[in-house]
>>> print(open('final-v5.tsv').read())   # TSV, C-alpha atoms
chain	number	residue	atom	x	y	z
X	179	MET	CA	6.57	-8.63	-45.63
X	180	ASN	CA	3.43	-9.58	-43.67
X	181	ARG	CA	5.44	-12.06	-41.62
X	182	ILE	CA	8.03	-9.41	-40.78
X	183	ILE	CA	5.26	-7.04	-39.61
X	184	LEU	CA	3.74	-9.79	-37.46
X	185	ILE	CA	7.10	-10.65	-35.89
X	186	LEU	CA	7.86	-6.96	-35.25
X	187	ALA	CA	4.43	-6.49	-33.69
X	188	LEU	CA	5.08	-9.41	-31.34
X	189	PHE	CA	8.44	-7.93	-30.36
X	190	VAL	CA	6.91	-4.50	-29.66
X	191	THR	CA	4.10	-6.05	-27.58
X	192	GLY	CA	6.78	-7.48	-25.30
X	193	CYS	CA	7.65	-3.93	-24.22
X	194	ALA	CA	4.25	-3.64	-22.49
X	195	THR	CA	5.37	-5.94	-19.65
X	196	SER	CA	4.72	-4.15	-16.36
X	197	VAL	CA	6.28	-4.38	-12.89
X	198	PRO	CA	4.68	-7.48	-11.36
X	199	VAL	CA	4.19	-6.40	-7.72
X	200	ALA	CA	2.93	-2.98	-6.65
X	201	VAL	CA	2.19	-1.97	-3.06
X	202	LYS	CA	-0.86	0.29	-2.74
X	203	PHE	CA	-0.66	3.29	-0.40
X	204	PRO	CA	-2.81	2.40	2.63
X	205	ASP	CA	-6.20	4.08	3.06
X	206	VAL	CA	-7.04	6.38	5.97
X	207	PRO	CA	-10.38	6.27	7.85
X	208	SER	CA	-12.50	9.18	6.54
X	209	ASP	CA	-13.10	10.50	10.10
X	210	MET	CA	-9.41	11.30	10.36
X	211	LEU	CA	-9.39	13.44	7.24
X	212	VAL	CA	-11.55	16.14	8.84
X	213	ALA	CA	-9.66	19.32	9.70
X	214	CYS	CA	-10.05	20.81	13.20
X	215	PRO	CA	-12.47	23.75	13.19
X	216	ASP	CA	-11.72	27.07	14.88
X	217	LEU	CA	-12.77	27.51	18.49
X	218	LYS	CA	-16.19	29.01	19.16
X	219	LEU	CA	-16.37	32.60	20.39
X	220	ALA	CA	-18.41	33.63	23.43
X	221	PRO	CA	-21.44	35.88	22.84
X	222	ASP	CA	-21.51	39.49	24.09
X	223	THR	CA	-23.27	38.94	27.39
X	224	THR	CA	-22.92	39.59	31.10
X	225	LYS	CA	-24.30	36.18	32.02
X	226	LEU	CA	-21.72	33.53	32.83
X	227	SER	CA	-24.29	30.80	32.11
X	228	GLU	CA	-24.24	31.88	28.43
X	229	VAL	CA	-20.44	31.83	28.28
X	230	LEU	CA	-19.91	28.46	29.94
X	231	PRO	CA	-21.51	26.29	27.17
X	232	VAL	CA	-19.14	27.88	24.63
X	233	VAL	CA	-16.18	27.12	26.88
X	234	ALA	CA	-17.45	23.55	27.36
X	235	ASP	CA	-17.81	23.13	23.58
X	236	ASN	CA	-14.29	24.41	23.05
X	237	TYR	CA	-12.90	21.97	25.59
X	238	GLY	CA	-14.76	19.20	23.79
X	239	GLN	CA	-13.38	20.44	20.49
X	240	TYR	CA	-9.85	20.32	21.85
X	241	TYR	CA	-10.25	16.67	22.87
X	242	THR	CA	-11.77	15.80	19.49
X	243	CYS	CA	-8.72	17.29	17.77
X	244	LYS	CA	-6.39	15.60	20.27
X	245	ASP	CA	-8.01	12.26	19.45
X	246	ASN	CA	-7.57	12.98	15.76
X	247	VAL	CA	-3.83	13.55	16.23
X	248	ASP	CA	-3.59	10.43	18.43
X	249	SER	CA	-5.45	8.47	15.74
X	250	TRP	CA	-2.97	9.63	13.11
X	251	ILE	CA	-0.10	8.45	15.34
X	252	ASP	CA	-1.86	5.08	15.84
X	253	TRP	CA	-2.54	4.81	12.12
X	254	TYR	CA	1.06	5.62	11.21
X	255	ASN	CA	2.52	3.14	13.69
X	256	SER	CA	0.19	0.29	12.72
X	257	GLN	CA	0.60	0.87	8.97
X	258	LYS	CA	4.38	1.13	9.31
X	259	LYS	CA	4.43	-2.18	11.19
X	260	ILE	CA	2.31	-3.81	8.46
X	261	PHE	CA	4.47	-2.28	5.71
X	262	ASN	CA	7.68	-3.51	7.34
X	263	SER	CA	6.23	-7.02	7.60
X	264	ILE	CA	6.15	-7.22	3.77
X	265	LYS	CA	9.97	-7.08	3.46
F	190	MET	CA	16.07	-8.29	-25.75
F	191	GLY	CA	13.31	-8.70	-23.18
F	192	GLN	CA	10.92	-9.61	-25.97
F	193	ILE	CA	12.34	-13.10	-26.49
F	194	PRO	CA	11.76	-14.27	-22.88
F	195	TRP	CA	8.32	-12.66	-23.07
F	196	MET	CA	7.51	-14.54	-26.29
F	197	LEU	CA	8.81	-17.75	-24.71
F	198	SER	CA	6.55	-17.09	-21.71
F	199	LEU	CA	3.56	-17.48	-24.06
F	200	ILE	CA	4.46	-21.15	-24.42
F	201	PRO	CA	3.15	-23.30	-21.54
F	202	ASP	CA	5.85	-24.00	-18.91
F	203	ALA	CA	5.47	-27.78	-19.05
F	204	ILE	CA	6.07	-27.79	-22.82
F	205	LEU	CA	9.12	-25.53	-22.42
F	206	ASN	CA	10.47	-27.80	-19.69
F	207	TRP	CA	10.18	-30.89	-21.90
F	208	LEU	CA	11.58	-28.99	-24.88
F	209	TYR	CA	14.69	-27.93	-22.97
F	210	TRP	CA	15.23	-31.43	-21.57
F	211	GLY	CA	14.75	-32.70	-25.13
F	212	ILE	CA	17.47	-30.37	-26.46
F	213	ILE	CA	19.83	-31.55	-23.70
F	214	ALA	CA	19.00	-35.20	-24.46
F	215	VAL	CA	19.58	-34.69	-28.20
F	216	GLY	CA	22.84	-32.89	-27.43
F	217	ILE	CA	24.11	-35.73	-25.20
F	218	THR	CA	22.96	-38.32	-27.75
F	219	GLY	CA	24.75	-36.40	-30.51
F	220	MET	CA	27.95	-36.26	-28.49
F	221	PHE	CA	27.88	-39.97	-27.69
F	222	ALA	CA	26.92	-40.80	-31.27
F	223	GLY	CA	29.90	-38.75	-32.41
F	224	TRP	CA	32.18	-40.74	-30.09
F	225	LEU	CA	30.67	-44.15	-30.94
F	226	GLY	CA	30.53	-43.31	-34.64
F	227	LYS	CA	34.28	-43.65	-34.89
F	228	PHE	CA	33.88	-47.42	-34.43
F	229	ILE	CA	31.14	-47.80	-37.05
F	230	PRO	CA	32.62	-47.79	-40.58
F	231	PHE	CA	29.70	-46.48	-42.68
F	232	TYR	CA	28.79	-43.94	-39.95
F	233	GLY	CA	32.21	-42.40	-39.62
F	234	LYS	CA	31.77	-39.57	-42.13
F	235	TYR	CA	29.00	-38.00	-39.95
F	236	VAL	CA	31.10	-37.96	-36.80
F	237	GLY	CA	32.74	-34.68	-37.68
F	238	ILE	CA	29.33	-32.95	-37.75
F	239	LEU	CA	27.54	-34.83	-34.94
F	240	LYS	CA	30.01	-34.05	-32.20
F	241	PRO	CA	30.06	-30.20	-32.51
F	242	VAL	CA	26.28	-30.14	-33.12
F	243	GLY	CA	25.79	-32.32	-30.03
F	244	ILE	CA	28.01	-30.07	-27.92
F	245	ALA	CA	26.24	-26.95	-29.25
F	246	LEU	CA	22.81	-28.44	-28.46
F	247	LEU	CA	23.94	-29.53	-25.00
F	248	VAL	CA	25.26	-26.05	-24.22
F	249	LEU	CA	22.10	-24.44	-25.63
F	250	GLY	CA	19.88	-26.86	-23.67
F	251	MET	CA	21.78	-26.21	-20.43
F	252	TRP	CA	21.58	-22.47	-20.99
F	253	LEU	CA	17.85	-22.61	-21.67
F	254	ARG	CA	17.29	-24.89	-18.64
F	255	GLY	CA	19.21	-22.43	-16.50
F	256	GLY	CA	17.05	-19.59	-17.83
F	257	TYR	CA	13.91	-21.64	-17.20
F	258	ASP	CA	14.90	-22.37	-13.59
F	259	THR	CA	15.77	-18.71	-13.00
F	260	GLU	CA	12.41	-17.68	-14.50
F	261	MET	CA	10.58	-20.16	-12.26
F	262	MET	CA	12.48	-18.92	-9.23
F	263	TRP	CA	11.51	-15.31	-9.99
F	264	ARG	CA	7.90	-16.26	-10.62
F	265	ALA	CA	7.85	-18.00	-7.23
F	266	ARG	CA	9.34	-14.90	-5.61
F	267	VAL	CA	6.78	-12.64	-7.31
F	268	ALA	CA	3.96	-14.93	-6.18
F	269	GLU	CA	5.35	-14.85	-2.65
F	270	ALA	CA	5.62	-11.04	-2.74
F	271	GLU	CA	2.07	-10.75	-4.11
F	272	ALA	CA	0.78	-12.97	-1.31
F	273	LYS	CA	2.59	-10.83	1.25
F	274	VAL	CA	1.17	-7.62	-0.27
F	275	ALA	CA	-2.36	-9.08	-0.29
F	276	LYS	CA	-1.95	-10.11	3.36
F	277	ALA	CA	-0.62	-6.65	4.26
F	278	GLU	CA	-3.54	-4.94	2.51
F	279	GLU	CA	-5.96	-7.12	4.46
F	280	ALA	CA	-4.13	-6.32	7.71
F	281	SER	CA	-4.22	-2.61	6.80
F	282	LYS	CA	-7.98	-2.74	6.28
F	283	ASP	CA	-8.44	-4.55	9.61
F	284	ALA	CA	-6.29	-1.97	11.41
F	285	ASN	CA	-8.31	0.86	9.83
F	286	SER	CA	-11.61	-0.76	10.82
F	287	LYS	CA	-10.45	-1.08	14.42
F	288	LEU	CA	-9.21	2.52	14.44
F	289	GLU	CA	-12.47	3.76	12.93
F	290	ALA	CA	-14.51	1.93	15.58
F	291	LYS	CA	-12.26	3.40	18.30
F	292	ILE	CA	-12.73	6.95	16.92
F	293	LYS	CA	-16.52	6.54	16.71
F	294	GLU	CA	-16.66	5.24	20.29
F	295	LYS	CA	-14.57	8.18	21.56
F	296	VAL	CA	-16.75	10.72	19.71
F	297	LYS	CA	-19.90	9.13	21.13
F	298	VAL	CA	-18.59	9.15	24.72
F	299	ARG	CA	-17.38	12.75	24.41
F	300	THR	CA	-20.62	14.02	22.85
F	301	GLU	CA	-22.62	12.41	25.66
F	302	TYR	CA	-20.26	13.87	28.27
F	303	ILE	CA	-20.37	17.44	26.89
F	304	THR	CA	-24.17	17.21	26.57
F	305	THR	CA	-24.38	16.18	30.25
F	306	VAL	CA	-22.14	19.08	31.31
F	307	LYS	CA	-24.19	21.57	29.25
F	308	GLU	CA	-27.43	20.23	30.73
F	309	ARG	CA	-25.94	20.76	34.18
F	310	ILE	CA	-25.03	24.36	33.24
F	311	VAL	CA	-28.64	24.95	32.11
F	312	LYS	CA	-29.90	23.43	35.36
F	313	ASP	CA	-27.53	25.60	37.43
F	314	THR	CA	-28.16	28.81	35.45
F	315	GLN	CA	-29.76	30.67	38.34
F	316	ILE	CA	-26.96	29.73	40.75
F	317	ILE	CA	-24.25	30.63	38.24
F	318	ASP	CA	-25.76	34.01	37.34
F	319	ALA	CA	-26.88	34.90	40.89
F	320	GLU	CA	-23.64	36.36	42.15
F	321	CYS	CA	-21.58	36.69	39.00
F	322	LYS	CA	-21.75	39.34	36.34
F	323	VAL	CA	-19.30	39.00	33.48
F	324	ALA	CA	-17.48	42.19	32.51
F	325	PRO	CA	-17.28	42.93	28.72
F	326	GLU	CA	-13.47	42.75	28.98
F	327	VAL	CA	-13.73	39.11	30.06
F	328	ILE	CA	-15.62	38.21	26.87
F	329	LYS	CA	-13.14	40.12	24.72
F	330	ASP	CA	-10.11	38.55	26.41
F	331	LEU	CA	-11.68	35.10	26.27
F	332	ASN	CA	-12.49	35.44	22.56
F	333	ASP	CA	-9.04	36.82	21.80
F	334	ALA	CA	-7.56	33.78	23.53
F	335	ALA	CA	-9.80	31.51	21.43
F	336	LYS	CA	-8.55	33.02	18.18
F	337	ASN	CA	-5.74	31.42	16.25
F	338	PRO	CA	-3.00	34.05	15.82
F	339	VAL	CA	-1.69	32.51	12.59
F	340	THR	CA	-4.97	32.89	10.65
F	341	LYS	CA	-6.11	36.06	8.85
F	342	ASP	CA	-9.28	36.48	11.00
F	343	ALA	CA	-7.30	36.69	14.24
F	344	LYS	CA	-5.34	39.75	13.03
F	345	LYS	CA	-8.50	41.87	12.70
>>> encode(input="final-v5.tsv", output="structure tokens")
Amino acid sequence: MNRIILILALFVTGCATSVPVAVKFPDVPSDMLVACPDLKLAPDTTKLSEVLPVVADNYGQYYTCKDNVDSWIDWYNSQKKIFNSIK
Amino acid sequence: MGQIPWMLSLIPDAILNWLYWGIIAVGITGMFAGWLGKFIPFYGKYVGILKPVGIALLVLGMWLRGGYDTEMMWRARVAEAEAKVAKAEEASKDANSKLEAKIKEKVKVRTEYITTVKERIVKDTQIIDAECKVAPEVIKDLNDAAKNPVTKDAKK
């Protein structure tokens, strides 16, 4: 009886065999995972010199977000190329 | 039935290899002994058993050898695939490092540039405000343009 249990246990253990090769989903640089913030609003003022810095910041913000999108495109293309090289 | 190959995989490959060759060798020996036995008088009564046993062992040995070679081929393929995956993961990390450095450089250049522009605005404050007075409508229109129409806040 003990021998039968041992043999059965060995047979059941064989079912634990896993898939030998698994490809991990590639990581993304943490800087790219930041969402674009809303644009800044100008203060209630009659002075143009107080409005201009807000406009300048918003322009800067646009280019930061543009770079983020460009980075995602770069990331996708490079990772796709690497992934295809595995086949 | 996957358990039997798995249990066989617990035995070292070199031992399995020799075992399978041994079965084939015994099978061939049995077959020949069965054929030669016909000419040996006192041996003749075993011929009837030796020949089918030899053939059975030869077939079994060939089958096991075939399975062993297939197993080795798959192991080689898995090892090759694992090496490719490891290489790809390394390449992925390298690509990410380069991209990260590029992003940091761009952010640095832009921050410096915007700071310079804002410093110039501060320096030119008197000139800018001297002949220009911004109407309240300009601020409202400008802020409305800055709002994102698809968010809740913009609808207020």
>>> closest_atom_pairs(input="final-v5.tsv", of="chain F", to="chain X", cutoff="6 Å", atoms="all atoms listed in the file", output="tab-separated table")
residue	atom	partner	partner_atom	distance
F:Gln192	CA	X:Gly192	CA	4.7
F:Trp195	CA	X:Gly192	CA	5.8
F:Lys273	CA	X:Ile264	CA	5.7
F:Ala277	CA	X:Ile260	CA	5.9
F:Lys307	CA	X:Pro231	CA	5.8
F:Thr314	CA	X:Ser227	CA	5.5
F:Asp318	CA	X:Lys225	CA	5.9
F:Lys322	CA	X:Thr224	CA	5.4
F:Val323	CA	X:Thr224	CA	4.4
F:Asn332	CA	X:Leu219	CA	5.3
F:Ala335	CA	X:Leu217	CA	5.8
>>> axis_aligned_box(input="final-v5.tsv", around="stretch 233-251 of chain F", padding_each_side="6 Å", output="lines of an AutoDock Vina configuration file")
center_x = 26.3
center_y = -33.4
center_z = -31.3
size_x = 24.9
size_y = 30.0
size_z = 33.7
>>> atom_distance(input="final-v5.tsv", atom1="atom CA of F:Met261", atom2="atom CA of F:Asp202")
9.0 Å
>>> atom_distance(input="final-v5.tsv", atom1="atom CA of F:Tyr257", atom2="atom CA of F:Asn206")
7.5 Å
>>> residues_around(input="final-v5.tsv", residues="stretch 242-244 of chain F", least_positions_apart="6", cutoff="6 Å", atoms="only C-alpha atoms", output="ChimeraX atom specification")
/F:216,219-220
>>> closest_residue(input="final-v5.tsv", among="F:Val215, F:Leu288, F:Val267, F:Ile193", to="F:Leu239", atoms="only C-alpha atoms")
F:Val215
>>> atom_distance(input="final-v5.tsv", atom1="atom CA of F:Lys291", atom2="atom CA of F:Glu278")
19.9 Å
>>> closest_residue(input="final-v5.tsv", among="F:Lys312, F:Lys234, F:Lys329, F:Lys240", to="F:Phe221", atoms="only C-alpha atoms")
F:Lys240
>>> build_atoms(input="final-v5.tsv", residues="stretch 199-232 of chain X", atoms="N, CA and C atoms", output="mmCIF file, in the frame of the given file")
data_model
loop_
_atom_site.group_PDB
_atom_site.id
_atom_site.type_symbol
_atom_site.label_atom_id
_atom_site.label_comp_id
_atom_site.auth_asym_id
_atom_site.auth_seq_id
_atom_site.Cartn_x
_atom_site.Cartn_y
_atom_site.Cartn_z
ATOM 1 N N VAL X 199 4.765 -6.612 -9.057
ATOM 2 C CA VAL X 199 4.190 -6.400 -7.720
ATOM 3 C C VAL X 199 4.186 -4.911 -7.374
ATOM 4 N N ALA X 200 3.018 -4.396 -7.040
ATOM 5 C CA ALA X 200 2.930 -2.980 -6.650
ATOM 6 C C ALA X 200 2.217 -2.897 -5.304
ATOM 7 N N VAL X 201 2.803 -2.134 -4.385
ATOM 8 C CA VAL X 201 2.190 -1.970 -3.060
ATOM 9 C C VAL X 201 1.347 -0.698 -3.077
ATOM 10 N N LYS X 202 0.070 -0.853 -2.731
ATOM 11 C CA LYS X 202 -0.860 0.290 -2.740
ATOM 12 C C LYS X 202 -0.668 1.110 -1.458
ATOM 13 N N PHE X 203 -0.753 2.436 -1.591
ATOM 14 C CA PHE X 203 -0.660 3.290 -0.400
ATOM 15 C C PHE X 203 -1.882 3.029 0.482
ATOM 16 N N PRO X 204 -1.661 2.783 1.785
ATOM 17 C CA PRO X 204 -2.810 2.400 2.630
ATOM 18 C C PRO X 204 -3.853 3.523 2.777
ATOM 19 N N ASP X 205 -5.113 3.113 2.887
ATOM 20 C CA ASP X 205 -6.200 4.080 3.060
ATOM 21 C C ASP X 205 -6.195 4.631 4.488
ATOM 22 N N VAL X 206 -6.904 5.747 4.648
ATOM 23 C CA VAL X 206 -7.040 6.380 5.970
ATOM 24 C C VAL X 206 -8.539 6.453 6.274
ATOM 25 N N PRO X 207 -8.960 6.132 7.520
ATOM 26 C CA PRO X 207 -10.380 6.270 7.850
ATOM 27 C C PRO X 207 -10.853 7.712 7.569
ATOM 28 N N SER X 208 -12.021 7.844 6.960
ATOM 29 C CA SER X 208 -12.500 9.180 6.540
ATOM 30 C C SER X 208 -12.652 10.156 7.717
ATOM 31 N N ASP X 209 -12.945 9.625 8.918
ATOM 32 C CA ASP X 209 -13.100 10.500 10.100
ATOM 33 C C ASP X 209 -11.811 11.263 10.423
ATOM 34 N N MET X 210 -10.701 10.679 10.045
ATOM 35 C CA MET X 210 -9.410 11.300 10.360
ATOM 36 C C MET X 210 -9.023 12.393 9.371
ATOM 37 N N LEU X 211 -9.737 12.453 8.264
ATOM 38 C CA LEU X 211 -9.390 13.440 7.240
ATOM 39 C C LEU X 211 -10.114 14.775 7.421
ATOM 40 N N VAL X 212 -10.818 14.891 8.558
ATOM 41 C CA VAL X 212 -11.550 16.140 8.840
ATOM 42 C C VAL X 212 -10.636 17.102 9.578
ATOM 43 N N ALA X 213 -10.526 18.321 9.052
ATOM 44 C CA ALA X 213 -9.660 19.320 9.700
ATOM 45 C C ALA X 213 -10.323 19.849 10.982
ATOM 46 N N CYS X 214 -9.510 20.259 11.945
ATOM 47 C CA CYS X 214 -10.050 20.810 13.200
ATOM 48 C C CYS X 214 -10.650 22.190 12.946
ATOM 49 N N PRO X 215 -11.897 22.419 13.392
ATOM 50 C CA PRO X 215 -12.470 23.750 13.190
ATOM 51 C C PRO X 215 -11.894 24.761 14.185
ATOM 52 N N ASP X 216 -12.156 26.048 13.917
ATOM 53 C CA ASP X 216 -11.720 27.070 14.880
ATOM 54 C C ASP X 216 -12.560 26.979 16.142
ATOM 55 N N LEU X 217 -12.016 27.533 17.229
ATOM 56 C CA LEU X 217 -12.770 27.510 18.490
ATOM 57 C C LEU X 217 -13.955 28.466 18.401
ATOM 58 N N LYS X 218 -14.999 28.147 19.156
ATOM 59 C CA LYS X 218 -16.190 29.010 19.160
ATOM 60 C C LYS X 218 -15.903 30.262 19.998
ATOM 61 N N LEU X 219 -16.548 31.352 19.623
ATOM 62 C CA LEU X 219 -16.370 32.600 20.390
ATOM 63 C C LEU X 219 -17.582 32.832 21.279
ATOM 64 N N ALA X 220 -17.329 33.387 22.465
ATOM 65 C CA ALA X 220 -18.410 33.630 23.430
ATOM 66 C C ALA X 220 -19.274 34.805 22.957
ATOM 67 N N PRO X 221 -20.577 34.766 23.239
ATOM 68 C CA PRO X 221 -21.440 35.880 22.840
ATOM 69 C C PRO X 221 -21.225 37.106 23.750
ATOM 70 N N ASP X 222 -21.601 38.276 23.261
ATOM 71 C CA ASP X 222 -21.510 39.490 24.090
ATOM 72 C C ASP X 222 -22.622 39.442 25.133
ATOM 73 N N THR X 223 -22.263 39.090 26.335
ATOM 74 C CA THR X 223 -23.270 38.940 27.390
ATOM 75 C C THR X 223 -22.616 39.170 28.744
ATOM 76 N N THR X 224 -23.454 39.435 29.739
ATOM 77 C CA THR X 224 -22.920 39.590 31.100
ATOM 78 C C THR X 224 -23.187 38.324 31.921
ATOM 79 N N LYS X 225 -23.946 37.407 31.292
ATOM 80 C CA LYS X 225 -24.300 36.180 32.020
ATOM 81 C C LYS X 225 -23.246 35.084 31.804
ATOM 82 N N LEU X 226 -22.728 34.592 32.916
ATOM 83 C CA LEU X 226 -21.720 33.530 32.830
ATOM 84 C C LEU X 226 -22.319 32.228 32.283
ATOM 85 N N SER X 227 -23.623 32.036 32.575
ATOM 86 C CA SER X 227 -24.290 30.800 32.110
ATOM 87 C C SER X 227 -24.365 30.729 30.580
ATOM 88 N N GLU X 228 -24.234 31.882 29.906
ATOM 89 C CA GLU X 228 -24.240 31.880 28.430
ATOM 90 C C GLU X 228 -22.821 31.687 27.861
ATOM 91 N N VAL X 229 -21.841 31.968 28.714
ATOM 92 C CA VAL X 229 -20.440 31.830 28.280
ATOM 93 C C VAL X 229 -19.958 30.385 28.480
ATOM 94 N N LEU X 230 -20.386 29.804 29.575
ATOM 95 C CA LEU X 230 -19.910 28.460 29.940
ATOM 96 C C LEU X 230 -20.134 27.385 28.864
ATOM 97 N N PRO X 231 -21.344 27.326 28.217
ATOM 98 C CA PRO X 231 -21.510 26.290 27.170
ATOM 99 C C PRO X 231 -20.502 26.419 26.036
ATOM 100 N N VAL X 232 -20.134 27.667 25.696
ATOM 101 C CA VAL X 232 -19.140 27.880 24.630
ATOM 102 C C VAL X 232 -17.783 27.329 25.071
#
